[in-house]
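Coordinates from run-v3.cif are shown below (mmCIF, C-alpha atoms).
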data_input
#
loop_
_atom_site.label_atom_id
_atom_site.label_comp_id
_atom_site.auth_asym_id
_atom_site.auth_seq_id
_atom_site.Cartn_x
_atom_site.Cartn_y
_atom_site.Cartn_z
CA MET A 1 21.97 -7.16 -17.81
CA LYS A 2 19.40 -9.20 -19.72
CA ILE A 3 15.79 -8.88 -18.64
CA TYR A 4 15.01 -12.48 -19.43
CA THR A 5 17.00 -15.40 -18.04
CA LYS A 6 14.71 -18.26 -19.04
CA LYS A 7 15.29 -19.78 -15.57
CA GLY A 8 11.64 -19.28 -14.68
CA ASP A 9 10.24 -20.99 -17.75
CA GLY A 10 9.52 -24.13 -15.73
CA GLY A 11 7.50 -22.29 -13.08
CA SER A 12 10.15 -21.55 -10.46
CA THR A 13 11.86 -18.33 -9.42
CA SER A 14 14.79 -17.23 -7.28
CA LEU A 15 14.31 -15.58 -3.93
CA ALA A 16 16.59 -12.83 -2.68
CA SER A 17 18.04 -15.38 -0.26
CA GLY A 18 19.29 -17.39 -3.24
CA GLY A 19 16.92 -20.35 -3.04
CA ARG A 20 14.50 -21.32 -5.80
CA VAL A 21 10.79 -21.80 -5.16
CA SER A 22 7.65 -22.35 -7.18
CA LYS A 23 6.11 -19.20 -8.57
CA SER A 24 3.02 -20.18 -6.57
CA ASP A 25 4.98 -20.01 -3.28
CA LYS A 26 3.31 -17.83 -0.65
CA ARG A 27 6.36 -15.57 -0.47
CA VAL A 28 6.13 -14.93 -4.20
CA GLU A 29 2.44 -14.08 -3.74
CA LEU A 30 3.34 -11.67 -0.93
CA TYR A 31 6.01 -9.74 -2.77
CA GLY A 32 3.93 -9.87 -5.95
CA THR A 33 1.07 -8.16 -4.11
CA ALA A 34 3.51 -5.57 -2.74
CA ASP A 35 4.58 -4.93 -6.34
CA GLU A 36 0.95 -4.58 -7.51
CA LEU A 37 0.32 -2.11 -4.69
CA ASN A 38 3.44 -0.16 -5.60
CA SER A 39 2.39 -0.05 -9.26
CA SER A 40 -1.08 1.25 -8.41
CA ILE A 41 0.45 4.02 -6.35
CA GLY A 42 2.68 4.84 -9.32
CA VAL A 43 -0.36 5.18 -11.56
CA ALA A 44 -2.08 7.40 -8.99
CA ILE A 45 1.01 9.63 -8.81
CA SER A 46 1.00 10.01 -12.60
CA PHE A 47 -2.43 11.67 -12.37
CA LEU A 48 -1.49 14.10 -9.58
CA SER A 49 -0.64 17.70 -10.35
CA GLU A 50 3.00 18.77 -10.03
CA THR A 51 2.05 20.79 -6.95
CA SER A 52 0.14 18.02 -5.16
CA LYS A 53 0.91 17.69 -1.47
CA LEU A 54 0.53 13.92 -1.84
CA LYS A 55 3.33 13.32 -4.32
CA LYS A 56 6.40 13.27 -2.05
CA SER A 57 4.62 11.08 0.50
CA LEU A 58 3.49 8.54 -2.08
CA GLU A 59 6.95 8.36 -3.64
CA ARG A 60 8.43 7.71 -0.16
CA ILE A 61 5.88 4.92 0.31
CA GLN A 62 6.81 3.40 -3.06
CA ASN A 63 10.42 3.15 -1.90
CA LEU A 64 9.34 1.54 1.36
CA LEU A 65 7.15 -0.94 -0.50
CA PHE A 66 10.09 -1.87 -2.72
CA GLU A 67 12.15 -2.58 0.41
CA LEU A 68 9.27 -4.53 1.94
CA GLY A 69 8.93 -6.58 -1.24
CA SER A 70 12.65 -7.37 -1.11
CA GLU A 71 12.29 -8.42 2.51
CA LEU A 72 9.32 -10.65 1.66
CA ALA A 73 11.46 -12.19 -1.11
CA GLY A 74 14.06 -13.20 1.47
CA TYR A 75 16.41 -10.23 1.74
CA LYS A 76 17.57 -9.78 5.35
CA LYS A 77 19.19 -6.75 6.93
CA LYS A 78 22.47 -7.45 8.72
CA ASP A 79 20.82 -6.95 12.10
CA ASP A 80 17.85 -9.16 11.09
CA SER A 81 15.34 -6.37 11.78
CA SER A 82 12.47 -5.15 9.65
CA CYS A 83 13.08 -2.71 6.83
CA ILE A 84 10.02 -0.85 8.15
CA LEU A 85 10.85 1.46 11.02
CA GLU A 86 8.60 2.91 13.70
CA GLU A 87 9.27 6.33 12.14
CA ASP A 88 7.72 5.09 8.89
CA ILE A 89 4.49 4.26 10.71
CA SER A 90 4.55 7.57 12.62
CA GLU A 91 5.02 9.48 9.37
CA LEU A 92 1.90 7.84 7.91
CA GLU A 93 -0.07 8.87 11.00
CA LYS A 94 1.19 12.47 10.82
CA GLU A 95 0.19 12.74 7.17
CA ILE A 96 -3.25 11.25 7.82
CA ASP A 97 -3.85 13.81 10.58
CA LEU A 98 -2.52 16.70 8.47
CA TRP A 99 -4.60 15.92 5.39
CA GLN A 100 -7.76 15.30 7.39
CA GLU A 101 -7.60 18.89 8.68
CA SER A 102 -8.56 20.05 5.16
CA LEU A 103 -11.28 17.45 4.59
CA LEU A 104 -14.91 17.61 5.57
CA PRO A 105 -15.83 15.05 8.22
CA LEU A 106 -17.41 11.92 6.75
CA LYS A 107 -21.16 11.78 7.26
CA ASN A 108 -21.78 9.01 4.72
CA PHE A 109 -19.84 6.15 3.25
CA ILE A 110 -18.03 7.16 0.11
CA LEU A 111 -17.48 5.15 -3.03
CA PRO A 112 -14.10 4.75 -4.71
CA GLY A 113 -13.93 7.32 -7.47
CA GLY A 114 -13.80 10.96 -8.31
CA SER A 115 -10.50 11.97 -9.84
CA SER A 116 -8.27 9.45 -11.59
CA SER A 117 -5.64 9.73 -8.86
CA SER A 118 -8.26 9.18 -6.16
CA SER A 119 -9.63 6.14 -7.96
CA PHE A 120 -6.20 4.53 -8.20
CA LEU A 121 -5.45 5.35 -4.57
CA HIS A 122 -8.61 3.45 -3.65
CA VAL A 123 -7.35 0.49 -5.73
CA ALA A 124 -4.05 0.74 -3.85
CA ARG A 125 -5.93 0.84 -0.53
CA THR A 126 -7.64 -2.46 -1.32
CA GLN A 127 -4.33 -4.00 -2.38
CA ALA A 128 -2.74 -2.87 0.89
CA ARG A 129 -5.57 -4.58 2.79
CA ARG A 130 -5.09 -7.77 0.73
CA LEU A 131 -1.35 -7.75 1.43
CA GLU A 132 -2.07 -7.25 5.12
CA ARG A 133 -4.56 -10.17 5.17
CA ASP A 134 -2.13 -12.41 3.30
CA LEU A 135 0.72 -11.49 5.64
CA VAL A 136 -1.45 -12.25 8.68
CA ARG A 137 -2.31 -15.64 7.16
CA TYR A 138 1.39 -16.27 6.49
CA LYS A 139 2.17 -15.46 10.15
CA GLU A 140 -0.66 -17.71 11.35
CA GLU A 141 0.93 -20.56 9.38
CA GLY A 142 3.99 -20.21 11.61
CA HIS A 143 6.25 -18.02 9.49
CA GLU A 144 8.20 -15.12 10.93
CA VAL A 145 6.54 -11.77 10.22
CA PHE A 146 7.80 -8.53 11.67
CA ALA A 147 5.19 -6.73 13.77
CA GLU A 148 6.26 -3.43 12.17
CA ASN A 149 5.26 -4.75 8.75
CA LEU A 150 1.73 -5.53 9.89
CA ARG A 151 1.36 -2.17 11.63
CA PHE A 152 2.71 -0.39 8.56
CA LEU A 153 0.26 -2.12 6.20
CA ASN A 154 -2.66 -1.50 8.54
CA ARG A 155 -1.79 2.19 8.75
CA LEU A 156 -0.97 2.37 5.04
CA SER A 157 -4.48 1.37 4.00
CA ASP A 158 -5.88 4.14 6.23
CA HIS A 159 -3.32 6.54 4.76
CA LEU A 160 -4.31 5.62 1.20
CA PHE A 161 -7.99 6.12 2.04
CA VAL A 162 -7.31 9.64 3.31
CA ALA A 163 -4.93 10.30 0.39
CA ALA A 164 -7.72 9.30 -2.02
CA ARG A 165 -10.05 11.75 -0.33
CA TYR A 166 -7.36 14.42 -0.38
CA ALA A 167 -6.71 13.83 -4.10
CA ASN A 168 -10.36 14.65 -4.77
CA PHE A 169 -10.07 17.70 -2.51
CA GLU A 170 -7.01 18.96 -4.41
CA SER A 171 -8.83 18.41 -7.72
CA ASN A 172 -11.99 20.07 -6.40
CA ILE A 173 -13.99 16.95 -7.30
CA PRO A 174 -16.82 15.85 -4.99
CA GLU A 175 -16.50 12.44 -3.38
CA PRO A 176 -19.04 9.94 -4.67
CA GLU A 177 -21.37 9.05 -1.80
CA TRP A 178 -22.93 5.66 -1.28
CA LYS A 179 -26.69 5.71 -1.56
CA SER A 180 -28.49 2.87 0.15
CA ARG A 181 -31.37 1.31 -1.76
CA ALA A 182 -32.75 -0.04 1.53
CA LYS A 183 -32.89 3.42 3.07
CA GLY A 184 -34.17 5.02 -0.12
CA GLN A 185 -31.32 7.52 -0.27
#
Would you put the structure from the file into structure tokens?
Amino acid sequence: MKIYTKKGDGGSTSLASGGRVSKSDKRVELYGTADELNSSIGVAISFLSETSKLKKSLERIQNLLFELGSELAGYKKKDDSSCILEEDISELEKEIDLWQESLLPLKNFILPGGSSSSSFLHVARTQARRLERDLVRYKEEGHEVFAENLRFLNRLSDHLFVAARYANFESNIPEPEWKSRAKGQ
């Protein structure tokens, strides 16, 4: 299989459904953002230790994001349901709760940073929020959007926030705290 087809040289691309659209089409933006998010998670994983408790979870999420990207590109399951299942959302919630048991309660806002893996998980968190906002906008424009996808992305950004904190915890690196100039802290 050749990587390049030259079919997109004029600014269009094929969707999974078979149709061609402009590369500026909102669906292309959506699955492109899902791909960016997936890539950021991949970078974060590359900085985790082999024994990290985050690794398996993040790899599972990468696979789900690949499926979500395919769905956003027009791929439909035979039963026309979302590729994201309620169990996927529940699993995110369980992991958030489990990891938070090891973390100190937040008393201040924290800044993205600390370990390399934590920093990239914060980047991924912001990309998940952008994808969620874009998907909401797409739905508001009258397009079909599965409710599970919105719930998954909302929970995923929370999950990535806690994962970023947990990555610093595993690396024994303090979380950078926000210091307000107005409060003199």
* Selected by the PyMOL selection byres ((chain A and resi 175) around 6) in the shown coordinates: which residues, as a PyMOL selection string? -> chain A and resi 114+174+176
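Each of A:Asn149, A:Ile96, A:Glu132, A:Phe120 was compared to Glu71 of chain A using all atoms listed in the file, and A:Asn149 turns out to be the nearest.
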So that I can check the surroundings of Ser39 of chain A, please list as an mmCIF file with C-alpha atoms, in the coordinates of the input every protein, DNA and RNA residue that reaches within 12 Å of it, counting all atoms listed in the file and ignoring chain neighbours fewer than 5 positions away.
data_model
loop_
_atom_site.group_PDB
_atom_site.id
_atom_site.type_symbol
_atom_site.label_atom_id
_atom_site.label_comp_id
_atom_site.auth_asym_id
_atom_site.auth_seq_id
_atom_site.Cartn_x
_atom_site.Cartn_y
_atom_site.Cartn_z
ATOM 1 C CA GLY A 32 3.930 -9.870 -5.950
ATOM 2 C CA THR A 33 1.070 -8.160 -4.110
ATOM 3 C CA ALA A 34 3.510 -5.570 -2.740
ATOM 4 C CA ALA A 44 -2.080 7.400 -8.990
ATOM 5 C CA ILE A 45 1.010 9.630 -8.810
ATOM 6 C CA SER A 46 1.000 10.010 -12.600
ATOM 7 C CA LEU A 58 3.490 8.540 -2.080
ATOM 8 C CA GLU A 59 6.950 8.360 -3.640
ATOM 9 C CA ILE A 61 5.880 4.920 0.310
ATOM 10 C CA GLN A 62 6.810 3.400 -3.060
ATOM 11 C CA ASN A 63 10.420 3.150 -1.900
ATOM 12 C CA LEU A 65 7.150 -0.940 -0.500
ATOM 13 C CA PHE A 66 10.090 -1.870 -2.720
ATOM 14 C CA PHE A 120 -6.200 4.530 -8.200
ATOM 15 C CA LEU A 121 -5.450 5.350 -4.570
ATOM 16 C CA VAL A 123 -7.350 0.490 -5.730
ATOM 17 C CA ALA A 124 -4.050 0.740 -3.850
ATOM 18 C CA GLN A 127 -4.330 -4.000 -2.380
ATOM 19 C CA ALA A 128 -2.740 -2.870 0.890
#
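Proximity to Lys7 of chain A was assessed for A:Cys83, A:Arg181, A:Val21, A:Tyr31 counting all atoms listed in the file; the smallest distance is recorded for A:Val21.
Interatomic distance, atom CA of Tyr166 of chain A to atom CA of Trp99 of chain A: 6.6 Å.
Between Ser82 of chain A and the candidates A:Arg133, A:Gly8, A:Phe146, A:Leu111, the tightest atom-to-atom separation, counting only C-alpha atoms, involves A:Phe146.
What separates atom CA of Arg60 of chain A from atom CA of Gln100 of chain A is a distance of 19.4 Å.
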* Using all atoms listed in the file, which residue out of A:Lys77, A:Arg137, A:Arg129, A:Arg165 lies closest to Pro105 of chain A? -> A:Arg165
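Coordinates place atom CA of Leu104 of chain A at a distance of 13.0 Å from atom CA of Glu177 of chain A.
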* Asked: Counting all atoms listed in the file, which of A:Asp9, A:Lys2, A:Ser117, A:Leu85 gets nearest to Ser171 of chain A?
  -> A:Ser117
* To do: Quick one: everything within 12 Å of Ser180 of chain A, counting all atoms listed in the file, minus sequence neighbours fewer than 5 positions away in the same chain. Send it as a list in words.
  => Asn108, Phe109, Ile110, Leu111 and Gln185 of chain A
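The shortest atom-to-atom distance to Leu30 of chain A, with only C-alpha atoms taken into account, belongs to A:Arg130 out of A:His122, A:Lys183, A:Arg130, A:His159.
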* Quick one: residues within 12 Å of Ser49 of chain A, all atoms listed in the file counted, chain neighbours fewer than 6 positions away excluded, as an MDAnalysis selection string? -> chainID A and resid 55:56 115:117 167:168 170:171
Residue selection dump (C-alpha atoms) as a tab-separated table (two decimals), keeping the file's coordinate frame:
chain	number	residue	atom	x	y	z
A	55	LYS	CA	3.33	13.32	-4.32
A	56	LYS	CA	6.40	13.27	-2.05
A	115	SER	CA	-10.50	11.97	-9.84
A	116	SER	CA	-8.27	9.45	-11.59
A	117	SER	CA	-5.64	9.73	-8.86
A	167	ALA	CA	-6.71	13.83	-4.10
A	168	ASN	CA	-10.36	14.65	-4.77
A	170	GLU	CA	-7.01	18.96	-4.41
A	171	SER	CA	-8.83	18.41	-7.72
* Output the residue selection produced by the PyMOL selection byres ((chain A and resi 151) around 12) on the file above, formatted as a PyMOL selection string. => chain A and resi 82+84-90+92-93+128-129+131-133+135-136+145-150+152-158
Based on the selection just made, write C-alpha atoms of those residues as a short mmCIF file (atom, residue, chain, number, x, y, z; two decimals), in the frame of the given file.
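The file below, selection17.cif, is the result:
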data_model
loop_
_atom_site.label_atom_id
_atom_site.label_comp_id
_atom_site.auth_asym_id
_atom_site.auth_seq_id
_atom_site.Cartn_x
_atom_site.Cartn_y
_atom_site.Cartn_z
CA SER A 82 12.47 -5.15 9.65
CA ILE A 84 10.02 -0.85 8.15
CA LEU A 85 10.85 1.46 11.02
CA GLU A 86 8.60 2.91 13.70
CA GLU A 87 9.27 6.33 12.14
CA ASP A 88 7.72 5.09 8.89
CA ILE A 89 4.49 4.26 10.71
CA SER A 90 4.55 7.57 12.62
CA LEU A 92 1.90 7.84 7.91
CA GLU A 93 -0.07 8.87 11.00
CA ALA A 128 -2.74 -2.87 0.89
CA ARG A 129 -5.57 -4.58 2.79
CA LEU A 131 -1.35 -7.75 1.43
CA GLU A 132 -2.07 -7.25 5.12
CA ARG A 133 -4.56 -10.17 5.17
CA LEU A 135 0.72 -11.49 5.64
CA VAL A 136 -1.45 -12.25 8.68
CA VAL A 145 6.54 -11.77 10.22
CA PHE A 146 7.80 -8.53 11.67
CA ALA A 147 5.19 -6.73 13.77
CA GLU A 148 6.26 -3.43 12.17
CA ASN A 149 5.26 -4.75 8.75
CA LEU A 150 1.73 -5.53 9.89
CA PHE A 152 2.71 -0.39 8.56
CA LEU A 153 0.26 -2.12 6.20
CA ASN A 154 -2.66 -1.50 8.54
CA ARG A 155 -1.79 2.19 8.75
CA LEU A 156 -0.97 2.37 5.04
CA SER A 157 -4.48 1.37 4.00
CA ASP A 158 -5.88 4.14 6.23
#
Would you give the centre and edge lengths, in Å to one decimal, of a box along x, y and z around the listed atoms of segment 112-115 of chain A, with 8 Å added to each side, as AutoDock Vina command-line options?
--center_x -12.3 --center_y 8.4 --center_z -7.3 --size_x 19.6 --size_y 23.2 --size_z 21.1
